[in-house]
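Below is protein.pdb, holding PDB, C-alpha atoms.
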```pdb
MODEL        1
ATOM      1  CA  SER A  10     -30.225  -6.929 128.481  1.00  0.00           C
ATOM      2  CA  VAL A  11     -32.873  -4.496 127.299  1.00  0.00           C
ATOM      3  CA  ASP A  12     -34.288  -4.501 130.831  1.00  0.00           C
ATOM      4  CA  ASP A  13     -30.972  -3.268 132.231  1.00  0.00           C
ATOM      5  CA  TYR A  14     -30.601  -0.696 129.461  1.00  0.00           C
ATOM      6  CA  ILE A  15     -34.037   0.790 130.122  1.00  0.00           C
ATOM      7  CA  GLN A  16     -33.507   0.696 133.886  1.00  0.00           C
ATOM      8  CA  ASN A  17     -30.041   2.271 133.839  1.00  0.00           C
ATOM      9  CA  VAL A  18     -29.601   4.346 130.690  1.00  0.00           C
ATOM     10  CA  ILE A  19     -33.108   5.373 129.622  1.00  0.00           C
ATOM     11  CA  LYS A  20     -34.147   6.158 133.195  1.00  0.00           C
ATOM     12  CA  GLU A  21     -31.148   8.478 133.615  1.00  0.00           C
ATOM     13  CA  THR A  22     -31.418  10.265 130.256  1.00  0.00           C
ATOM     14  CA  ARG A  23     -35.163  10.669 129.719  1.00  0.00           C
ATOM     15  CA  THR A  24     -38.131  12.014 131.621  1.00  0.00           C
ATOM     16  CA  TYR A  25     -39.809   9.729 134.097  1.00  0.00           C
ATOM     17  CA  GLN A  26     -42.852   9.454 131.822  1.00  0.00           C
ATOM     18  CA  THR A  27     -40.725   8.386 128.844  1.00  0.00           C
ATOM     19  CA  TYR A  28     -38.870   5.869 130.989  1.00  0.00           C
ATOM     20  CA  ARG A  29     -42.178   4.380 132.236  1.00  0.00           C
ATOM     21  CA  ASP A  30     -43.484   4.277 128.680  1.00  0.00           C
ATOM     22  CA  TYR A  31     -40.484   2.264 127.438  1.00  0.00           C
ATOM     23  CA  HIS A  32     -40.577   0.065 130.537  1.00  0.00           C
ATOM     24  CA  ASN A  33     -44.266  -0.672 129.895  1.00  0.00           C
ATOM     25  CA  ILE A  34     -43.624  -1.455 126.211  1.00  0.00           C
ATOM     26  CA  LEU A  35     -41.024  -4.021 127.239  1.00  0.00           C
ATOM     27  CA  GLY A  36     -43.554  -5.505 129.666  1.00  0.00           C
ATOM     28  CA  CYS A  37     -46.122  -5.657 126.875  1.00  0.00           C
ATOM     29  CA  PHE A  38     -43.565  -7.402 124.637  1.00  0.00           C
ATOM     30  CA  LYS A  39     -42.973 -10.022 127.343  1.00  0.00           C
ATOM     31  CA  LYS A  40     -46.688 -10.488 128.009  1.00  0.00           C
ATOM     32  CA  HIS A  41     -47.625 -11.041 124.362  1.00  0.00           C
ATOM     33  CA  LEU A  42     -44.787 -13.512 123.858  1.00  0.00           C
ATOM     34  CA  GLY A  43     -45.706 -15.456 126.996  1.00  0.00           C
ATOM     35  CA  TYR A  44     -42.499 -14.588 128.857  1.00  0.00           C
ATOM     36  CA  ASP A  45     -42.373 -14.324 132.629  1.00  0.00           C
ATOM     37  CA  LYS A  46     -42.400 -10.656 133.633  1.00  0.00           C
ATOM     38  CA  ASN A  47     -39.124 -11.113 135.560  1.00  0.00           C
ATOM     39  CA  ARG A  48     -37.341 -12.692 132.587  1.00  0.00           C
ATOM     40  CA  THR A  49     -34.810 -10.434 130.890  1.00  0.00           C
ATOM     41  CA  VAL A  50     -34.951  -9.749 127.162  1.00  0.00           C
ATOM     42  CA  SER A  51     -31.778  -9.502 125.109  1.00  0.00           C
ATOM     43  CA  PHE A  52     -31.253  -6.966 122.347  1.00  0.00           C
ATOM     44  CA  ASN A  53     -31.155  -9.858 119.862  1.00  0.00           C
ATOM     45  CA  GLU A  54     -34.620 -10.989 120.983  1.00  0.00           C
ATOM     46  CA  LEU A  55     -36.089  -7.481 120.839  1.00  0.00           C
ATOM     47  CA  SER A  56     -34.716  -6.945 117.322  1.00  0.00           C
ATOM     48  CA  SER A  57     -35.620 -10.426 116.002  1.00  0.00           C
ATOM     49  CA  TYR A  58     -38.030 -10.251 113.061  1.00  0.00           C
ATOM     50  CA  THR A  59     -39.522 -13.619 114.060  1.00  0.00           C
ATOM     51  CA  LEU A  60     -40.286 -12.514 117.620  1.00  0.00           C
ATOM     52  CA  LEU A  61     -41.533  -9.095 116.524  1.00  0.00           C
ATOM     53  CA  ASN A  62     -43.857 -10.764 114.019  1.00  0.00           C
ATOM     54  CA  LYS A  63     -45.160 -13.085 116.758  1.00  0.00           C
ATOM     55  CA  PHE A  64     -45.619 -10.013 118.975  1.00  0.00           C
ATOM     56  CA  LYS A  65     -47.608  -8.310 116.208  1.00  0.00           C
ATOM     57  CA  ARG A  66     -49.864 -11.338 115.622  1.00  0.00           C
ATOM     58  CA  SER A  67     -50.561 -11.590 119.361  1.00  0.00           C
ATOM     59  CA  MET A  68     -51.523  -7.919 119.555  1.00  0.00           C
ATOM     60  CA  ILE A  69     -53.838  -8.308 116.549  1.00  0.00           C
ATOM     61  CA  GLU A  70     -55.490 -11.339 118.190  1.00  0.00           C
ATOM     62  CA  LYS A  71     -56.031  -9.317 121.386  1.00  0.00           C
ATOM     63  CA  GLY A  72     -57.781  -6.626 119.351  1.00  0.00           C
ATOM     64  CA  LEU A  73     -55.305  -3.765 119.720  1.00  0.00           C
ATOM     65  CA  SER A  74     -55.795  -0.955 117.229  1.00  0.00           C
ATOM     66  CA  PRO A  75     -53.389  -0.513 114.303  1.00  0.00           C
ATOM     67  CA  ASN A  76     -52.315   2.857 115.723  1.00  0.00           C
ATOM     68  CA  THR A  77     -51.421   1.262 119.064  1.00  0.00           C
ATOM     69  CA  ILE A  78     -49.451  -1.507 117.376  1.00  0.00           C
ATOM     70  CA  ASN A  79     -47.541   1.007 115.248  1.00  0.00           C
ATOM     71  CA  SER A  80     -46.864   3.099 118.346  1.00  0.00           C
ATOM     72  CA  TYR A  81     -45.400   0.076 120.170  1.00  0.00           C
ATOM     73  CA  PHE A  82     -43.128  -0.734 117.241  1.00  0.00           C
ATOM     74  CA  THR A  83     -41.981   2.879 117.029  1.00  0.00           C
ATOM     75  CA  LYS A  84     -41.002   2.828 120.696  1.00  0.00           C
ATOM     76  CA  ILE A  85     -39.163  -0.475 120.286  1.00  0.00           C
ATOM     77  CA  ARG A  86     -37.290   1.043 117.341  1.00  0.00           C
ATOM     78  CA  VAL A  87     -36.395   4.108 119.414  1.00  0.00           C
ATOM     79  CA  VAL A  88     -35.017   1.983 122.274  1.00  0.00           C
ATOM     80  CA  LEU A  89     -32.934  -0.147 119.909  1.00  0.00           C
ATOM     81  CA  ASN A  90     -31.551   2.825 118.004  1.00  0.00           C
ATOM     82  CA  ASP A  91     -30.780   4.640 121.250  1.00  0.00           C
ATOM     83  CA  ALA A  92     -28.807   1.582 122.339  1.00  0.00           C
ATOM     84  CA  TYR A  93     -27.016   1.694 118.976  1.00  0.00           C
ATOM     85  CA  LEU A  94     -26.103   5.366 119.444  1.00  0.00           C
ATOM     86  CA  ASN A  95     -24.803   4.619 122.934  1.00  0.00           C
ATOM     87  CA  GLN A  96     -22.817   1.658 121.556  1.00  0.00           C
ATOM     88  CA  TYR A  97     -24.626  -1.056 123.511  1.00  0.00           C
ATOM     89  CA  ILE A  98     -25.433  -2.722 120.198  1.00  0.00           C
ATOM     90  CA  PHE A  99     -23.472  -2.329 116.992  1.00  0.00           C
ATOM     91  CA  GLU A 100     -26.102  -2.514 114.296  1.00  0.00           C
ATOM     92  CA  LYS A 101     -28.696   0.151 113.580  1.00  0.00           C
ATOM     93  CA  PHE A 102     -32.223  -1.240 113.789  1.00  0.00           C
ATOM     94  CA  THR A 103     -34.558  -0.865 110.838  1.00  0.00           C
ATOM     95  CA  LEU A 104     -38.163  -1.852 111.382  1.00  0.00           C
ATOM     96  CA  HIS A 105     -39.307  -4.079 108.527  1.00  0.00           C
ATOM     97  CA  LYS A 106     -42.296  -2.648 106.684  1.00  0.00           C
ATOM     98  CA  ASN A 107     -44.251  -5.923 107.121  1.00  0.00           C
ATOM     99  CA  LEU A 108     -44.371  -5.284 110.869  1.00  0.00           C
ATOM    100  CA  THR A 109     -46.194  -1.985 110.624  1.00  0.00           C
ATOM    101  CA  MET A 110     -49.942  -1.886 110.330  1.00  0.00           C
ATOM    102  CA  PRO A 111     -51.695   0.032 107.567  1.00  0.00           C
ATOM    103  CA  LYS A 112     -53.322   3.200 108.788  1.00  0.00           C
ATOM    104  CA  PRO A 113     -57.077   2.755 108.865  1.00  0.00           C
ATOM    105  CA  MET A 114     -58.921   4.840 106.338  1.00  0.00           C
ATOM    106  CA  SER A 115     -61.682   6.530 108.265  1.00  0.00           C
ATOM    107  CA  LYS A 116     -64.294   8.636 106.613  1.00  0.00           C
ATOM    108  CA  PRO A 117     -64.993  11.964 108.278  1.00  0.00           C
ATOM    109  CA  ARG A 118     -68.298  12.020 110.101  1.00  0.00           C
ATOM    110  CA  LYS A 119     -70.802  14.286 108.416  1.00  0.00           C
ATOM    111  CA  CYS A 120     -72.857  16.807 110.321  1.00  0.00           C
ATOM    112  CA  SER A 121     -76.025  18.258 108.876  1.00  0.00           C
ATOM    113  CA  VAL A 122     -77.070  21.856 109.396  1.00  0.00           C
ATOM    114  CA  GLU A 123     -79.954  20.646 111.561  1.00  0.00           C
ATOM    115  CA  GLU A 124     -77.589  18.664 113.810  1.00  0.00           C
ATOM    116  CA  PHE A 125     -75.347  21.714 114.210  1.00  0.00           C
ATOM    117  CA  VAL A 126     -78.282  24.012 115.018  1.00  0.00           C
ATOM    118  CA  ASN A 127     -79.669  21.456 117.523  1.00  0.00           C
ATOM    119  CA  ALA A 128     -76.265  21.186 119.175  1.00  0.00           C
ATOM    120  CA  LEU A 129     -76.041  24.983 119.378  1.00  0.00           C
ATOM    121  CA  GLU A 130     -79.481  25.201 120.983  1.00  0.00           C
ATOM    122  CA  LYS A 131     -78.477  22.609 123.602  1.00  0.00           C
ATOM    123  CA  CYS A 132     -75.404  24.594 124.658  1.00  0.00           C
ATOM    124  CA  LYS A 133     -75.520  25.753 128.249  1.00  0.00           C
ATOM    125  CA  THR A 134     -72.014  27.187 128.671  1.00  0.00           C
ATOM    126  CA  LEU A 135     -69.769  29.498 126.723  1.00  0.00           C
ATOM    127  CA  PRO A 136     -67.069  26.801 126.213  1.00  0.00           C
ATOM    128  CA  GLU A 137     -69.680  24.555 124.566  1.00  0.00           C
ATOM    129  CA  VAL A 138     -70.563  27.337 122.101  1.00  0.00           C
ATOM    130  CA  GLN A 139     -66.865  28.032 121.519  1.00  0.00           C
ATOM    131  CA  ALA A 140     -66.237  24.330 120.790  1.00  0.00           C
ATOM    132  CA  LEU A 141     -68.935  24.378 118.115  1.00  0.00           C
ATOM    133  CA  GLY A 142     -67.520  27.620 116.740  1.00  0.00           C
ATOM    134  CA  PHE A 143     -64.008  26.160 116.561  1.00  0.00           C
ATOM    135  CA  TRP A 144     -65.354  23.039 114.849  1.00  0.00           C
ATOM    136  CA  LEU A 145     -67.131  25.195 112.279  1.00  0.00           C
ATOM    137  CA  LEU A 146     -63.998  27.305 111.798  1.00  0.00           C
ATOM    138  CA  MET A 147     -61.834  24.204 111.267  1.00  0.00           C
ATOM    139  CA  PHE A 148     -64.418  22.815 108.844  1.00  0.00           C
ATOM    140  CA  GLY A 149     -64.525  26.050 106.885  1.00  0.00           C
ATOM    141  CA  THR A 150     -60.751  26.393 106.726  1.00  0.00           C
ATOM    142  CA  ARG A 151     -59.781  22.829 105.824  1.00  0.00           C
ATOM    143  CA  GLY A 152     -56.225  22.658 104.629  1.00  0.00           C
ATOM    144  CA  MET A 153     -55.019  25.449 106.875  1.00  0.00           C
ATOM    145  CA  TYR A 154     -52.904  24.821 109.919  1.00  0.00           C
ATOM    146  CA  PRO A 155     -54.177  25.946 113.338  1.00  0.00           C
ATOM    147  CA  ALA A 156     -51.080  28.162 113.639  1.00  0.00           C
ATOM    148  CA  ASP A 157     -52.219  29.989 110.495  1.00  0.00           C
ATOM    149  CA  LEU A 158     -55.699  30.522 111.910  1.00  0.00           C
ATOM    150  CA  VAL A 159     -54.505  32.431 114.963  1.00  0.00           C
ATOM    151  CA  LYS A 160     -52.597  34.815 112.687  1.00  0.00           C
ATOM    152  CA  ILE A 161     -55.767  35.917 110.851  1.00  0.00           C
ATOM    153  CA  LYS A 162     -56.684  39.528 111.584  1.00  0.00           C
ATOM    154  CA  LYS A 163     -60.069  41.127 111.258  1.00  0.00           C
ATOM    155  CA  SER A 164     -58.674  43.276 108.437  1.00  0.00           C
ATOM    156  CA  ASP A 165     -57.824  40.093 106.469  1.00  0.00           C
ATOM    157  CA  LEU A 166     -61.494  39.062 106.245  1.00  0.00           C
ATOM    158  CA  ARG A 167     -63.941  40.229 103.632  1.00  0.00           C
ATOM    159  CA  ASP A 168     -67.718  40.418 103.825  1.00  0.00           C
ATOM    160  CA  THR A 169     -69.569  38.254 101.291  1.00  0.00           C
ATOM    161  CA  ILE A 170     -71.500  41.287 100.066  1.00  0.00           C
ATOM    162  CA  GLY A 171     -68.314  42.854  98.751  1.00  0.00           C
ATOM    163  CA  SER A 172     -67.275  45.450 101.298  1.00  0.00           C
ATOM    164  CA  ASP A 173     -63.596  45.757 102.133  1.00  0.00           C
ATOM    165  CA  THR A 174     -63.825  44.594 105.744  1.00  0.00           C
ATOM    166  CA  PHE A 175     -65.753  42.062 107.719  1.00  0.00           C
ATOM    167  CA  THR A 176     -68.302  43.380 110.199  1.00  0.00           C
ATOM    168  CA  GLU A 177     -69.470  41.603 113.293  1.00  0.00           C
ATOM    169  CA  THR A 178     -73.211  41.052 113.132  1.00  0.00           C
ATOM    170  CA  THR A 179     -73.697  38.094 115.434  1.00  0.00           C
ATOM    171  CA  SER A 180     -74.414  38.466 119.106  1.00  0.00           C
ATOM    172  CA  PHE A 181     -75.478  35.849 121.603  1.00  0.00           C
ATOM    173  CA  GLN A 182     -76.863  38.327 124.138  1.00  0.00           C
ATOM    174  CA  ASP A 183     -80.182  36.487 124.352  1.00  0.00           C
ATOM    175  CA  LYS A 184     -78.529  33.230 125.515  1.00  0.00           C
ATOM    176  CA  ASP A 185     -78.444  32.486 129.253  1.00  0.00           C
ATOM    177  CA  PHE A 186     -74.947  31.011 129.162  1.00  0.00           C
ATOM    178  CA  ASN A 187     -73.302  34.245 128.037  1.00  0.00           C
ATOM    179  CA  ASN A 188     -74.394  36.550 130.875  1.00  0.00           C
ATOM    180  CA  GLY A 189     -75.161  39.259 128.345  1.00  0.00           C
ATOM    181  CA  GLU A 190     -71.599  39.544 127.024  1.00  0.00           C
ATOM    182  CA  GLU A 191     -71.024  39.697 123.288  1.00  0.00           C
ATOM    183  CA  ILE A 192     -68.791  37.062 121.744  1.00  0.00           C
TER     184      ILE A 192
ENDMDL
END
```

Will you turn the file into structure tokens for me?
Amino acid sequence: SVDDYIQNVIKETRTYQTYRDYHNILGCFKKHLGYDKNRTVSFNELSSYTLLNKFKRSMIEKGLSPNTINSYFTKIRVVLNDAYLNQYIFEKFTLHKNLTMPKPMSKPRKCSVEEFVNALEKCKTLPEVQALGFWLLMFGTRGMYPADLVKIKKSDLRDTIGSDTFTETTSFQDKDFNNGEEI
């Protein structure tokens, strides 16, 4: 059974957190299908399109987010394909595309200059100011990866006036949260 596989194989080959995650997914599968929590689930049941579709409909009815549903299906796929690699089942599992949920298209929240300035004025600690600074940096460098940002050197920056190097002109010495240190 899948229960035995998770208890014996997954528990021995993965971290405790991963084991608990897969154990909980199996419990969620049982709950949404109305199974008793002590009932074992076979690999045929876990890979059945009909049962997986019923599982999906139940999760949608309960109001789970599309990302959560997709995450559950990914973990089910991982368990089944791990069992395939370890020769507990003899057919590789392919998750049917009808079972996955479309990713929600969310529009980025806009922030006006006034909102940013108000947020900056409300800052009481240096980490709050840094968070706003990082947000502004990420906004201004859309399309770049965070790993690329940490590689930027002062000599790589140019002043908007046209000089060859960027000069620091901003100081927050007048703010209480900074204890007089420049940032």

Practice problem: Record the distance separating atom CA of A:Lys71 and atom CA of A:Asp30, expressed in Å with one decimal. | Solution: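 Pair atom CA of A:Lys71 / atom CA of A:Asp30 returns 19.9 Å.
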
Exercise. Evaluate the PyMOL selection byres ((chain A and resi 86) around 10) and record the selected residues as a PyMOL selection string, following the chain and residue labels used in the document.
Key: chain A and resi 55-56+80-85+87-92+101-104

Quiz item: atom CA of A:Ala128 and atom CA of A:Ser115 are how many Å apart?
Solution: 23.4 Å

Self-check item: For atom CA of A:Ser57 and atom CA of A:Arg23, the interatomic separation in Å (one decimal)
Solution: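 Going from atom CA of A:Ser57 over to atom CA of A:Arg23 covers 25.2 Å.
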
As lines of an AutoDock Vina configuration file, please report the centre and edge lengths, rounded to one decimal in Å, of the axis-aligned box that holds all listed atoms of stretch 31-49 of chain A with 3 Å of padding on each of the six sides.
```
center_x = -41.2
center_y = -6.6
center_z = 129.7
size_x = 18.8
size_y = 23.7
size_z = 17.7
```

Practice problem: Give me the residues within 12 Å of A:Phe148 as a PyMOL selection string, counting only C-alpha atoms and dropping any in the same chain fewer than 5 places off. | Solution: chain A and resi 117-120+141-143+153-155

Emit the selected residues as a CSV table (one decimal), keeping the file's coordinate frame, including C-alpha atoms.
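Result file follows (part-v6.csv):
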```
chain,number,residue,atom,x,y,z
A,117,PRO,CA,-65.0,12.0,108.3
A,118,ARG,CA,-68.3,12.0,110.1
A,119,LYS,CA,-70.8,14.3,108.4
A,120,CYS,CA,-72.9,16.8,110.3
A,141,LEU,CA,-68.9,24.4,118.1
A,142,GLY,CA,-67.5,27.6,116.7
A,143,PHE,CA,-64.0,26.2,116.6
A,153,MET,CA,-55.0,25.4,106.9
A,154,TYR,CA,-52.9,24.8,109.9
A,155,PRO,CA,-54.2,25.9,113.3
```

Quiz prompt | Matched chain/residue IDs from the PyMOL selection byres ((chain A and resi 32) around 10), as a PyMOL selection string | solution = chain A and resi 11-12+15-16+19-20+26-31+33-38
